[in-house]
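Visitor: Input data_30.txt, format and content: compact mmCIF, C-alpha atoms and all ligand atoms.
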# COMPACT_ATOMS: atom_id res chain seq x y z
CA MET A 560 25.05 -0.91 22.01
CA VAL A 561 26.99 1.83 20.21
CA GLU A 562 30.79 1.82 20.08
CA LYS A 563 32.80 4.51 18.37
CA VAL A 564 34.97 3.28 15.56
CA ALA A 565 37.60 5.96 15.83
CA GLU A 566 39.49 5.28 12.60
CA LEU A 567 36.32 5.56 10.47
CA GLY A 568 35.00 8.59 12.31
CA GLY A 569 31.71 6.67 12.46
CA SER A 570 30.08 4.16 14.73
CA SER A 571 29.21 0.50 14.82
CA GLN A 572 26.13 -0.75 16.53
CA SER A 573 24.23 -3.93 17.09
CA THR A 574 20.47 -4.45 17.03
CA THR A 575 17.96 -7.22 16.34
CA VAL A 576 16.26 -5.85 13.21
CA VAL A 577 17.28 -3.11 10.80
CA VAL A 578 14.27 -1.76 8.93
CA ILE A 579 15.05 -0.04 5.63
CA GLY A 580 12.37 2.52 4.74
CA ALA A 581 9.81 4.42 6.81
CA GLY A 582 6.69 4.10 4.66
CA PRO A 583 3.59 2.26 5.91
CA ALA A 584 5.41 -1.09 5.78
CA GLY A 585 8.58 -0.09 7.64
CA LEU A 586 6.80 1.99 10.27
CA THR A 587 4.32 -0.81 10.97
CA VAL A 588 7.13 -3.36 11.33
CA ALA A 589 8.91 -0.98 13.71
CA ASN A 590 5.82 -0.33 15.84
CA LEU A 591 4.92 -4.03 16.09
CA LEU A 592 8.47 -5.00 17.05
CA ARG A 593 8.41 -2.24 19.66
CA CYS A 594 5.20 -3.80 21.07
CA CYS A 595 7.17 -7.05 21.55
CA GLY A 596 10.12 -5.26 23.14
CA ILE A 597 12.38 -6.17 20.20
CA ASP A 598 15.15 -3.71 19.29
CA CYS A 599 15.18 -2.23 15.85
CA VAL A 600 16.63 0.69 13.92
CA VAL A 601 14.71 2.30 11.05
CA LEU A 602 16.71 3.93 8.23
CA GLU A 603 14.84 6.32 5.90
CA ARG A 604 16.45 8.25 3.06
CA ARG A 605 13.92 11.11 3.06
CA SER A 606 13.21 13.76 5.72
CA ARG A 607 10.50 13.28 8.35
CA GLU A 608 8.50 16.15 6.77
CA TYR A 609 8.66 14.60 3.30
CA VAL A 610 7.52 11.17 4.46
CA ALA A 611 4.73 12.67 6.59
CA GLN A 612 3.23 14.55 3.64
CA ARG A 613 3.41 11.83 0.98
CA GLN A 614 -0.15 11.23 -0.23
CA ARG A 615 -1.20 7.88 -1.60
CA ALA A 616 -3.67 5.32 -0.28
CA GLY A 617 -6.79 6.27 1.65
CA ILE A 618 -8.41 3.23 3.17
CA VAL A 619 -7.35 0.87 5.95
CA GLU A 620 -9.51 -2.17 5.38
CA THR A 621 -11.41 -4.01 8.11
CA ARG A 622 -8.89 -6.79 8.55
CA ALA A 623 -6.00 -4.32 8.84
CA VAL A 624 -7.92 -2.30 11.45
CA ARG A 625 -8.41 -5.53 13.42
CA MET A 626 -4.73 -6.36 12.99
CA PHE A 627 -3.74 -3.06 14.67
CA ASP A 628 -6.45 -3.65 17.26
CA SER A 629 -4.96 -7.06 18.11
CA TRP A 630 -1.65 -5.30 18.91
CA GLY A 631 -3.46 -2.68 21.05
CA LEU A 632 -2.46 0.02 18.54
CA ALA A 633 -5.68 0.84 16.67
CA ASP A 634 -6.62 3.92 18.69
CA ARG A 635 -3.10 5.29 18.63
CA VAL A 636 -2.17 4.84 14.98
CA LEU A 637 -5.42 4.98 13.04
CA GLY A 638 -6.70 8.46 12.32
CA GLY A 639 -9.45 9.26 9.89
CA VAL A 640 -13.06 8.25 10.29
CA PRO A 641 -14.84 4.89 10.40
CA TYR A 642 -16.76 4.42 7.23
CA ASP A 643 -20.17 2.95 6.60
CA GLY A 644 -18.95 0.21 4.28
CA ILE A 645 -20.96 1.41 1.29
CA LEU A 646 -19.43 1.86 -2.15
CA GLU A 647 -21.26 3.50 -5.01
CA PHE A 648 -20.93 2.13 -8.54
CA ARG A 649 -22.45 4.55 -11.05
CA VAL A 650 -22.90 2.91 -14.45
CA ASP A 651 -23.97 5.29 -17.23
CA GLY A 652 -25.47 7.52 -14.53
CA GLU A 653 -27.36 4.74 -12.72
CA THR A 654 -26.44 4.25 -9.07
CA HIS A 655 -25.80 0.84 -7.48
CA LEU A 656 -24.83 0.74 -3.80
CA VAL A 657 -22.67 -2.23 -2.82
CA SER A 658 -21.67 -3.05 0.74
CA ASP A 659 -18.07 -3.90 1.37
CA SER A 660 -18.77 -4.94 4.93
CA ASP A 661 -19.01 -8.69 5.60
CA GLY A 662 -21.29 -8.14 8.59
CA SER A 663 -18.80 -9.63 11.08
CA GLU A 664 -18.39 -8.25 14.61
CA GLY A 665 -15.54 -5.92 15.50
CA PRO A 666 -14.04 -2.65 14.31
CA ALA A 667 -14.61 -1.86 10.63
CA ALA A 668 -12.57 -0.24 7.86
CA ARG A 669 -11.48 3.39 8.19
CA LEU A 670 -11.06 6.15 5.70
CA CYS A 671 -7.55 7.04 6.79
CA PRO A 672 -5.29 8.86 4.34
CA GLN A 673 -1.88 7.23 4.18
CA GLN A 674 -0.08 10.34 5.40
CA ILE A 675 -2.19 10.38 8.59
CA LEU A 676 -1.32 6.73 9.25
CA VAL A 677 2.36 7.45 8.57
CA GLN A 678 2.36 10.52 10.86
CA ARG A 679 0.73 8.57 13.67
CA LEU A 680 2.94 5.50 13.28
CA THR A 681 6.00 7.77 13.36
CA ALA A 682 4.81 9.66 16.43
CA ASN A 683 3.88 6.50 18.31
CA TYR A 684 7.17 4.75 17.53
CA LEU A 685 9.22 7.76 18.64
CA ALA A 686 7.08 8.26 21.76
CA GLU A 687 7.83 4.63 22.68
CA GLY A 688 11.55 5.37 22.43
CA GLY A 689 12.00 3.95 18.91
CA ASP A 690 15.15 4.63 16.89
CA LEU A 691 14.31 6.23 13.52
CA ARG A 692 17.01 7.90 11.42
CA PHE A 693 15.93 10.15 8.55
CA GLU A 694 17.94 11.43 5.59
CA VAL A 695 20.35 8.51 5.48
CA ALA A 696 22.21 7.74 2.23
CA ASP A 697 24.21 4.93 0.63
CA VAL A 698 22.51 2.11 2.53
CA SER A 699 24.18 -1.23 1.71
CA LEU A 700 23.58 -4.77 2.94
CA ASP A 701 26.14 -7.52 3.48
CA GLY A 702 26.23 -11.01 4.95
CA LEU A 703 22.55 -11.66 4.33
CA THR A 704 23.07 -15.43 4.32
CA THR A 705 24.94 -15.33 7.64
CA ASP A 706 23.43 -15.10 11.16
CA ARG A 707 24.64 -11.50 11.52
CA PRO A 708 24.00 -9.36 8.45
CA VAL A 709 25.69 -5.97 8.31
CA VAL A 710 23.99 -2.75 7.22
CA ARG A 711 26.08 0.30 6.33
CA TYR A 712 24.82 3.80 5.68
CA ARG A 713 25.88 7.44 5.65
CA ALA A 714 24.08 9.70 8.10
CA ALA A 715 22.80 13.18 7.21
CA ASP A 716 26.05 14.68 8.59
CA GLY A 717 28.11 12.54 6.19
CA VAL A 718 29.43 10.12 8.84
CA LEU A 719 29.47 6.41 7.94
CA HIS A 720 27.77 3.95 10.30
CA THR A 721 27.67 0.17 10.54
CA ILE A 722 24.89 -1.82 12.17
CA THR A 723 25.10 -5.56 12.77
CA CYS A 724 21.75 -7.27 13.17
CA SER A 725 19.88 -10.57 13.15
CA PHE A 726 17.37 -9.62 10.44
CA VAL A 727 16.88 -6.96 7.79
CA ALA A 728 13.35 -5.86 6.90
CA GLY A 729 13.46 -4.49 3.33
CA CYS A 730 10.60 -1.98 3.43
CA ASP A 731 12.05 0.49 0.95
CA GLY A 732 9.46 0.26 -1.80
CA ASP A 733 9.75 -0.69 -5.43
CA HIS A 734 12.83 1.46 -6.07
CA GLY A 735 14.71 0.70 -2.86
CA ILE A 736 18.07 -1.00 -2.43
CA SER A 737 16.99 -4.03 -0.41
CA ARG A 738 15.79 -6.14 -3.32
CA THR A 739 18.84 -5.21 -5.37
CA ALA A 740 21.03 -6.78 -2.66
CA VAL A 741 19.64 -10.19 -3.65
CA PRO A 742 21.90 -11.93 -6.18
CA ASP A 743 20.61 -12.29 -9.74
CA GLY A 744 18.59 -15.40 -10.39
CA VAL A 745 17.27 -15.82 -6.84
CA LEU A 746 14.01 -13.90 -7.28
CA THR A 747 11.46 -14.30 -10.04
CA ALA A 748 9.58 -11.16 -11.12
CA HIS A 749 6.00 -11.64 -12.32
CA ALA A 750 5.06 -8.37 -14.08
CA PHE A 751 1.84 -7.21 -15.70
CA ASP A 752 1.01 -3.95 -17.47
CA HIS A 753 -2.74 -3.30 -17.61
CA GLY A 754 -2.37 -1.00 -20.63
CA ILE A 755 -4.24 1.76 -18.79
CA SER A 756 -3.10 5.09 -17.34
CA TRP A 757 -4.83 7.17 -14.69
CA LEU A 758 -4.73 10.86 -14.12
CA THR A 759 -5.29 11.46 -10.41
CA VAL A 760 -5.93 14.86 -8.88
CA LEU A 761 -6.33 15.98 -5.29
CA ALA A 762 -8.63 18.96 -4.80
CA ASP A 763 -10.13 21.09 -2.05
CA SER A 764 -13.64 20.09 -2.98
CA PRO A 765 -16.52 18.32 -1.18
CA PRO A 766 -16.04 14.56 -0.71
CA PRO A 767 -18.69 12.17 -2.07
CA ALA A 768 -21.29 10.52 0.19
CA HIS A 769 -19.63 7.14 -0.52
CA PRO A 770 -16.43 6.18 -2.36
CA LEU A 771 -17.64 6.33 -5.96
CA PHE A 772 -16.62 4.33 -9.05
CA ALA A 773 -18.14 5.45 -12.35
CA VAL A 774 -18.37 3.66 -15.69
CA SER A 775 -19.21 5.68 -18.78
CA PRO A 776 -18.62 5.48 -22.53
CA GLN A 777 -15.87 8.12 -22.06
CA GLY A 778 -14.02 5.77 -19.69
CA PHE A 779 -13.66 5.10 -15.99
CA ALA A 780 -13.63 7.78 -13.28
CA ALA A 781 -13.67 7.69 -9.49
CA HIS A 782 -14.24 10.11 -6.63
CA PHE A 783 -12.95 9.29 -3.13
CA PRO A 784 -13.05 11.21 0.14
CA ARG A 785 -9.68 12.33 1.52
CA GLY A 786 -10.86 14.55 4.38
CA PRO A 787 -13.89 16.67 5.35
CA HIS A 788 -13.19 19.16 2.53
CA THR A 789 -10.85 17.19 0.31
CA SER A 790 -11.38 14.74 -2.54
CA ARG A 791 -9.23 12.60 -4.77
CA TYR A 792 -10.41 11.96 -8.33
CA TYR A 793 -9.26 9.44 -10.91
CA LEU A 794 -9.69 9.52 -14.69
CA GLN A 795 -8.81 6.69 -17.05
CA CYS A 796 -6.52 7.93 -19.85
CA PRO A 797 -4.89 6.41 -22.91
CA PRO A 798 -1.71 4.52 -21.87
CA ASP A 799 0.73 7.15 -23.14
CA ASP A 800 -1.20 10.30 -22.24
CA GLN A 801 0.60 13.28 -20.63
CA PRO A 802 -0.53 15.38 -17.63
CA ASP A 803 -0.06 18.58 -19.68
CA ALA A 804 -2.92 17.45 -21.90
CA TRP A 805 -5.26 17.87 -18.92
CA PRO A 806 -5.75 21.54 -17.94
CA ASP A 807 -8.09 22.04 -14.96
CA THR A 808 -11.14 22.81 -17.11
CA ARG A 809 -10.72 19.55 -19.03
CA VAL A 810 -10.37 17.62 -15.74
CA TRP A 811 -13.61 19.04 -14.32
CA ASP A 812 -15.51 18.65 -17.62
CA ALA A 813 -14.42 15.01 -17.89
CA LEU A 814 -15.34 14.31 -14.25
CA ARG A 815 -18.80 15.88 -14.61
CA SER A 816 -19.46 13.85 -17.73
CA ARG A 817 -18.04 10.48 -16.54
CA LEU A 818 -19.51 10.79 -13.01
CA ALA A 819 -22.82 11.82 -14.67
CA ASP A 820 -22.95 14.75 -12.25
CA PRO A 821 -23.24 18.08 -14.08
CA ALA A 822 -23.45 19.89 -10.70
CA LEU A 823 -20.17 18.44 -9.35
CA VAL A 824 -18.57 21.18 -7.24
CA SER A 825 -14.98 21.89 -8.29
CA GLY A 826 -12.18 23.33 -6.12
CA PRO A 827 -8.50 24.21 -6.34
CA ILE A 828 -6.42 21.25 -7.54
CA THR A 829 -3.51 20.83 -5.11
CA ASP A 830 -1.79 17.80 -6.58
CA ARG A 831 -1.87 15.91 -9.87
CA GLU A 832 -0.11 12.82 -11.11
CA MET A 833 -0.37 10.46 -14.05
CA PHE A 834 0.64 6.83 -13.73
CA ARG A 835 0.30 3.55 -15.53
CA LEU A 836 -1.61 0.71 -13.89
CA ARG A 837 0.82 -2.13 -13.36
CA SER A 838 1.28 -5.09 -11.11
CA LEU A 839 4.44 -6.88 -10.08
CA VAL A 840 5.19 -9.72 -7.70
CA HIS A 841 8.68 -10.83 -6.70
CA GLU A 842 8.98 -14.37 -5.49
CA PRO A 843 10.16 -15.46 -2.91
CA MET A 844 9.95 -12.54 -0.48
CA GLN A 845 13.00 -13.66 1.47
CA TYR A 846 16.70 -14.13 0.88
CA GLY A 847 18.68 -15.42 3.88
CA ARG A 848 18.09 -12.95 6.72
CA LEU A 849 16.54 -10.32 4.41
CA PHE A 850 12.73 -10.19 4.36
CA LEU A 851 10.99 -8.06 1.74
CA VAL A 852 7.90 -6.30 3.08
CA GLY A 853 5.30 -4.24 1.17
CA ASP A 854 6.08 -2.54 -2.14
CA ALA A 855 9.67 -3.84 -2.04
CA ALA A 856 8.14 -7.23 -2.86
CA HIS A 857 4.96 -6.41 -4.78
CA ILE A 858 3.11 -3.67 -6.59
CA ILE A 859 -0.61 -3.93 -7.17
CA SER A 860 -2.87 -1.86 -9.40
CA PRO A 861 -4.77 0.56 -7.13
CA MET A 862 -8.23 -0.82 -7.91
CA GLY A 863 -9.60 -2.34 -4.70
CA GLY A 864 -7.28 -0.32 -2.43
CA LYS A 865 -5.04 -3.25 -1.55
CA GLY A 866 -1.49 -1.84 -1.85
CA MET A 867 -1.12 -0.31 1.61
CA ASN A 868 -3.19 -3.07 3.23
CA LEU A 869 -0.94 -5.77 1.80
CA ALA A 870 2.06 -3.93 3.24
CA LEU A 871 0.39 -3.92 6.66
CA TYR A 872 -0.24 -7.70 6.50
CA ASP A 873 3.32 -8.45 5.47
CA ALA A 874 4.48 -6.35 8.43
CA ASP A 875 2.21 -8.27 10.80
CA ILE A 876 3.36 -11.70 9.58
CA PHE A 877 7.02 -10.66 9.73
CA ALA A 878 6.82 -9.10 13.22
CA ARG A 879 5.06 -12.16 14.65
CA ALA A 880 7.66 -14.43 13.07
CA VAL A 881 10.55 -12.42 14.55
CA ARG A 882 8.81 -12.46 17.92
CA ASP A 883 8.58 -16.28 17.82
CA PHE A 884 12.24 -16.49 16.98
CA VAL A 885 13.46 -14.03 19.61
CA ARG A 886 11.18 -15.33 22.37
CA ASP A 887 11.18 -19.09 21.70
CA ARG A 888 14.03 -19.61 19.21
CA ASP A 889 11.31 -20.96 16.91
CA ASP A 890 11.98 -20.14 13.24
CA THR A 891 8.94 -21.94 11.80
CA ALA A 892 7.06 -18.72 11.04
CA LEU A 893 10.15 -17.03 9.59
CA ARG A 894 10.64 -19.93 7.21
CA ALA A 895 6.96 -19.76 6.22
CA TYR A 896 6.97 -15.93 5.82
CA SER A 897 7.26 -15.75 2.05
CA GLN A 898 4.75 -18.50 1.32
CA ARG A 899 2.19 -17.06 3.74
CA ALA A 900 2.53 -13.48 2.55
CA LEU A 901 2.43 -14.49 -1.12
CA ARG A 902 -0.81 -16.37 -0.67
CA ARG A 903 -2.55 -13.12 0.27
CA VAL A 904 -0.62 -11.14 -2.33
CA TRP A 905 -1.86 -13.39 -5.15
CA ASN A 906 -5.38 -13.43 -3.73
CA ASP A 907 -5.46 -9.63 -3.84
CA GLN A 908 -3.74 -9.49 -7.23
CA GLU A 909 -6.54 -11.63 -8.64
CA PHE A 910 -9.20 -9.38 -7.09
CA SER A 911 -7.58 -6.16 -8.21
CA HIS A 912 -7.16 -7.51 -11.73
CA TRP A 913 -10.82 -8.61 -11.81
CA LEU A 914 -12.08 -5.21 -10.62
CA THR A 915 -9.73 -3.27 -12.90
CA ARG A 916 -10.96 -5.17 -15.95
CA ALA A 917 -14.63 -5.01 -14.91
CA LEU A 918 -14.62 -1.24 -14.44
CA HIS A 919 -12.43 -0.29 -17.41
CA ASP A 920 -13.69 -2.73 -20.03
CA ALA A 921 -17.34 -1.96 -19.17
CA GLY A 922 -16.97 1.67 -20.25
CA ASP A 923 -14.79 2.84 -23.09
CA ALA A 924 -14.82 -0.02 -25.58
CA THR A 925 -12.14 1.49 -27.83
CA GLY A 926 -9.36 -0.20 -25.84
CA SER A 927 -10.80 -3.62 -25.07
CA GLY A 928 -13.46 -4.11 -27.75
CA SER A 929 -17.16 -4.80 -27.59
CA TYR A 930 -16.83 -8.48 -26.58
CA LEU A 931 -14.88 -7.68 -23.40
CA ARG A 932 -17.25 -4.79 -22.77
CA GLY A 933 -20.14 -7.27 -22.66
CA VAL A 934 -18.21 -9.59 -20.35
CA ALA A 935 -17.34 -6.71 -18.01
CA ARG A 936 -20.94 -5.50 -17.88
CA ALA A 937 -22.06 -9.05 -17.01
CA ARG A 938 -19.57 -9.09 -14.11
CA LEU A 939 -20.99 -5.83 -12.76
CA ASP A 940 -24.57 -6.98 -13.30
CA ARG A 941 -23.88 -10.12 -11.27
CA LEU A 942 -22.32 -8.05 -8.48
CA PHE A 943 -25.39 -5.76 -8.36
CA THR A 944 -28.02 -8.53 -8.48
CA SER A 945 -26.63 -11.70 -6.88
CA PRO A 946 -26.41 -11.63 -3.04
CA THR A 947 -23.85 -14.43 -3.22
CA ALA A 948 -21.64 -12.47 -5.61
CA ALA A 949 -22.03 -9.37 -3.43
CA ARG A 950 -21.04 -11.36 -0.34
CA GLY A 951 -17.94 -12.69 -2.08
CA PHE A 952 -17.00 -9.14 -3.09
CA ALA A 953 -17.46 -7.88 0.49
CA GLU A 954 -15.40 -10.73 1.87
CA ILE A 955 -12.43 -9.84 -0.30
CA MET A 956 -12.83 -6.09 0.26
CA THR A 957 -12.72 -6.52 4.04
CA GLY A 958 -9.60 -8.68 3.69
CA VAL A 959 -10.68 -12.33 3.80
CA ASP A 960 -8.74 -14.31 6.39
CA LEU A 961 -6.44 -16.72 4.61
CA GLY A 962 -4.74 -17.67 7.88
N1 LIG B 1001 17.23 3.80 1.88
C1 LIG B 1001 16.34 4.14 2.85
N2 LIG B 1001 15.03 4.36 2.60
C2 LIG B 1001 14.60 4.20 1.36
C3 LIG B 1001 15.47 3.82 0.30
C4 LIG B 1001 16.83 3.63 0.61
N3 LIG B 1001 17.72 3.28 -0.34
N4 LIG B 1001 14.74 3.74 -0.83
C5 LIG B 1001 13.47 4.04 -0.52
N5 LIG B 1001 13.37 4.34 0.80
C6 LIG B 1001 12.18 4.72 1.56
C7 LIG B 1001 11.26 5.68 0.81
O1 LIG B 1001 11.68 7.03 0.94
C8 LIG B 1001 9.93 5.42 1.49
O2 LIG B 1001 9.76 6.24 2.62
O3 LIG B 1001 11.38 3.57 1.76
C9 LIG B 1001 10.02 3.97 1.94
C10 LIG B 1001 9.13 3.04 1.12
O4 LIG B 1001 7.79 3.43 1.31
P1 LIG B 1001 6.62 3.08 0.26
O5 LIG B 1001 7.13 3.31 -1.12
O6 LIG B 1001 5.41 3.81 0.71
O7 LIG B 1001 6.45 1.51 0.40
P2 LIG B 1001 5.66 0.68 1.51
O8 LIG B 1001 5.94 1.16 2.89
O9 LIG B 1001 5.87 -0.74 1.18
O10 LIG B 1001 4.18 1.12 1.15
C11 LIG B 1001 3.17 0.26 1.03
O11 LIG B 1001 1.42 1.93 0.67
O12 LIG B 1001 0.26 3.60 -0.45
C12 LIG B 1001 0.93 2.51 -0.53
O13 LIG B 1001 1.87 2.87 -2.69
C13 LIG B 1001 2.14 2.51 -1.38
O14 LIG B 1001 1.50 0.38 -2.02
C14 LIG B 1001 2.40 1.11 -1.20
C15 LIG B 1001 2.05 0.81 0.22
Go ahead and render the structure in this file as structure tokens.
Ligand code: APR
Guide:
Amino acid sequence: MVEKVAELGGSSQSTTVVVIGAGPAGLTVANLLRCCGIDCVVLERRSREYVAQRQRAGIVETRAVRMFDSWGLADRVLGGVPYDGILEFRVDGETHLVSDSDGSEGPAARLCPQQILVQRLTANYLAEGGDLRFEVADVSLDGLTTDRPVVRYRAADGVLHTITCSFVAGCDGDHGISRTAVPDGVLTAHAFDHGISWLTVLADSPPPAHPLFAVSPQGFAAHFPRGPHTSRYYLQCPPDDQPDAWPDTRVWDALRSRLADPALVSGPITDREMFRLRSLVHEPMQYGRLFLVGDAAHIISPMGGKGMNLALYDADIFARAVRDFVRDRDDTALRAYSQRALRRVWNDQEFSHWLTRALHDAGDATGSGSYLRGVARARLDRLFTSPTAARGFAEIMTGVDLG
């Protein structure tokens, strides 16, 4: 329902859910609500082209694939290729293959670059008649503790709009406005800096046979597929290193040495970024009628590939909770949203922390010291030799069902 508000030169509108942000979290919320026939409006500050090209995560884990499947969306929104569930750990040049499949029935994880998922979620939502507004500015939230919160924003043409809704889904990432609308003192931030930086480069070069993690005395490196002729590489760096210190020749030399692959085929580097490994959890993930979803509520170090998958789970829990409320006036799941989502968030934080330490401490001992190096090597040894440890690893990689 859109009515013109003549004196403002804008419009006021009413909907059930306003979704702030069209990343993986916001677009998944929007698609799932659409599946339930629930009205929503998505507000995104960037252009459609920008959002569609943003490169980040690359794997949709088994449980997330099954989540989309349960909504009848897997074929429509998941691009990429199924993957054989084998990871390679290369320690000082020695290969160890570890399965990250738990052997359960049903569709498995997919190598699906985030931008492909985002493009498909966008296309599907719009094809279903969804309302998605790009290039909005000055989004503000009011009345979050009332039954009818109000969202204001400025459209690309400069006109101010007001939307009244029942719920706001704050899916606008770590630097969005949603979380800042929560009064001081309501949320607790649990932050952790791993003291490690990564240089990551995207290159037009052959992908590896399996996603590859390498431990060497020069530090950690990784090589992941991002398409039939595209790879993403990671190199551990000192915490305050600068990208300028890494010309292309140094990148390829370091990769060949740390991956213990002197014949590694190079290619043009199309993107490079340096970032610090950090983790952050905001608790609770709800304030009144505002629900924080994905990076708006938590950041996780990339080891283990959980960031995007956590966002997809939050979206699933939230959409089901809104459905219960709209269909049956049952707010039980909405009230349990934060607690349920945080249980998985902390589970994955623990795993990511464990894997980060195991792979970084086991290599370059200058940062962590020889004692932690020994501990980390023991962790890897157990993973490579104990079937029980390997099964536990696979269970968490696939996205263990915490209910
Ligand atoms: N108004 C509207 N949109 C906004 C605003 C704002 N004030 N601020 C940010 N946004 C948009 C961003 O432009 C972006 O498109 O919100 C979106 C947030 O997307 P992500 O940062 O990708 O966060 P999320 O959807 O939670 O992603 C989940 O996927 O690859 C990972 O690193 C990513 O771990 C993250 C995960």
Visitor: Enumerate as a list in words the residues within 6 Å of ligand LIG 1001 (chain B), counting only C-alpha atoms and all ligand atoms.
Guide: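 Those within range of ligand LIG 1001 (chain B) are Ile579, Gly580, Ala581, Gly582, Pro583, Ala584, Gly585, Leu602, Glu603, Arg604, Arg605, Val610, Arg615, Ala616, Val698, Cys730, Asp731, Gly732, Gly735, Ile736, Gly853, Asp854, Ala855, Gly866, Met867 and Ala870 of chain A.
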Visitor: For Ile618 of chain A, which residue among A:Thr789, A:Asn868, A:Thr944, A:Gln572 is the nearest when counting only C-alpha atoms?
Guide: A:Asn868
Visitor: Which neighbours of segment 807-817 of chain A fall inside 7 Å, counting only C-alpha atoms, when residues of the same chain fewer than 6 positions from it are skipped, and could you give them as a list of chain:residue names?
Guide: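 Once the adjacent positions are removed, what remains is A:Ala773, A:Val774, A:Ser775, A:Gln777, A:Gly778, A:Phe779, A:Ala780, A:Leu823, A:Ser825.
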Visitor: List the neighbours of segment 907-924 of chain A out to 10 Å using all atoms listed in the file; skip same-chain residues closer than 5 positions along the sequence, and give me the result as an NGL selection string.
Guide: :A and (648 or 650-651 or 751 or 753 or 755 or 772-780 or 795 or 817 or 836-840 or 857-866 or 868-869 or 901-902 or 929-939 or 952 or 955-956 or 958-959)
Visitor: Nearest to Leu691 of chain A among A:Thr957, A:Asn590, A:Thr575, A:Ser927, with distances taken over all atoms listed in the file: which residue is it?
Guide: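 Among the listed residues, A:Asn590 lies closest to Leu691 of chain A.
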Visitor: Select, from A:Gly662, A:Gly744, A:Arg607, A:Val709, the residue with the minimum atom-to-atom distance to Thr681 of chain A, counting all atoms listed in the file.
Guide: A:Arg607
Visitor: Within 12 Å of segment 639-644 of chain A, which residues of segment 561-620 of chain A come that close, and what is the closest atom pair and distance in Å for each? Count all atoms listed in the file and give it as JSON lines.
Guide:
{"residue": "A:Gly617", "atom": "CA", "partner": "A:Gly639", "partner_atom": "CA", "distance": 9.2}
{"residue": "A:Ile618", "atom": "CA", "partner": "A:Gly639", "partner_atom": "CA", "distance": 9.1}
{"residue": "A:Val619", "atom": "CA", "partner": "A:Gly639", "partner_atom": "CA", "distance": 9.5}
{"residue": "A:Glu620", "atom": "CA", "partner": "A:Gly644", "partner_atom": "CA", "distance": 9.8}
Visitor: Atom CA of Leu818 of chain A and atom CA of Gly652 of chain A are how many Å apart?
Guide: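 Result for atom CA of Leu818 of chain A versus atom CA of Gly652 of chain A: 7.0 Å, one decimal.
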Visitor: Looking at all atoms listed in the file, which of A:Leu851, A:Ala819, A:Ala878, A:Val600 is the one that sits closest to Thr723 of chain A?
Guide: A:Val600
Visitor: Centre and edge lengths, as AutoDock Vina command-line options, for the axis-aligned box enclosing every listed atom of segment 626-642 of chain A with 6 Å of padding on each of the six sides, in Å to one decimal?
Guide:
--center_x -9.2 --center_y 1.1 --center_z 14.1 --size_x 27.1 --size_y 28.3 --size_z 25.8
Visitor: From the list A:Thr574, A:Ser658, A:Ser725, A:Asn683, which residue is nearest Leu632 of chain A when using only C-alpha atoms?
Guide: A:Asn683
Visitor: For Ala682 of chain A, work out the shell of residues within 12 Å, counting only C-alpha atoms and skipping chain neighbours fewer than 3 positions away, then give it as a list in words.
Guide: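 So, after excluding close chain neighbours, the residues are Leu586, Thr587, Ala589, Asn590, Arg607, Ala611, Arg635, Val636, Leu637, Ile675, Leu676, Val677, Gln678, Arg679, Leu685, Ala686, Glu687, Gly688, Gly689, Asp690 and Leu691 of chain A.
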Visitor: Could you tell me which of A:Leu591, A:Leu758, A:Leu746, A:Ala668 comes closest to Asp803 of chain A if we count all atoms listed in the file?
Guide: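 Under the stated criterion, the closest residue is A:Leu758.
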Visitor: Separation of atom CA of Leu761 of chain A and atom CA of Arg791 of chain A, in Å?
Guide: 4.5 Å
Visitor: As an exercise, work out the distance from atom CA of His788 of chain A to atom CA of Ala804 of chain A in Å and give it to one decimal place.
Guide: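 Pair atom CA of His788 of chain A / atom CA of Ala804 of chain A returns 26.6 Å.
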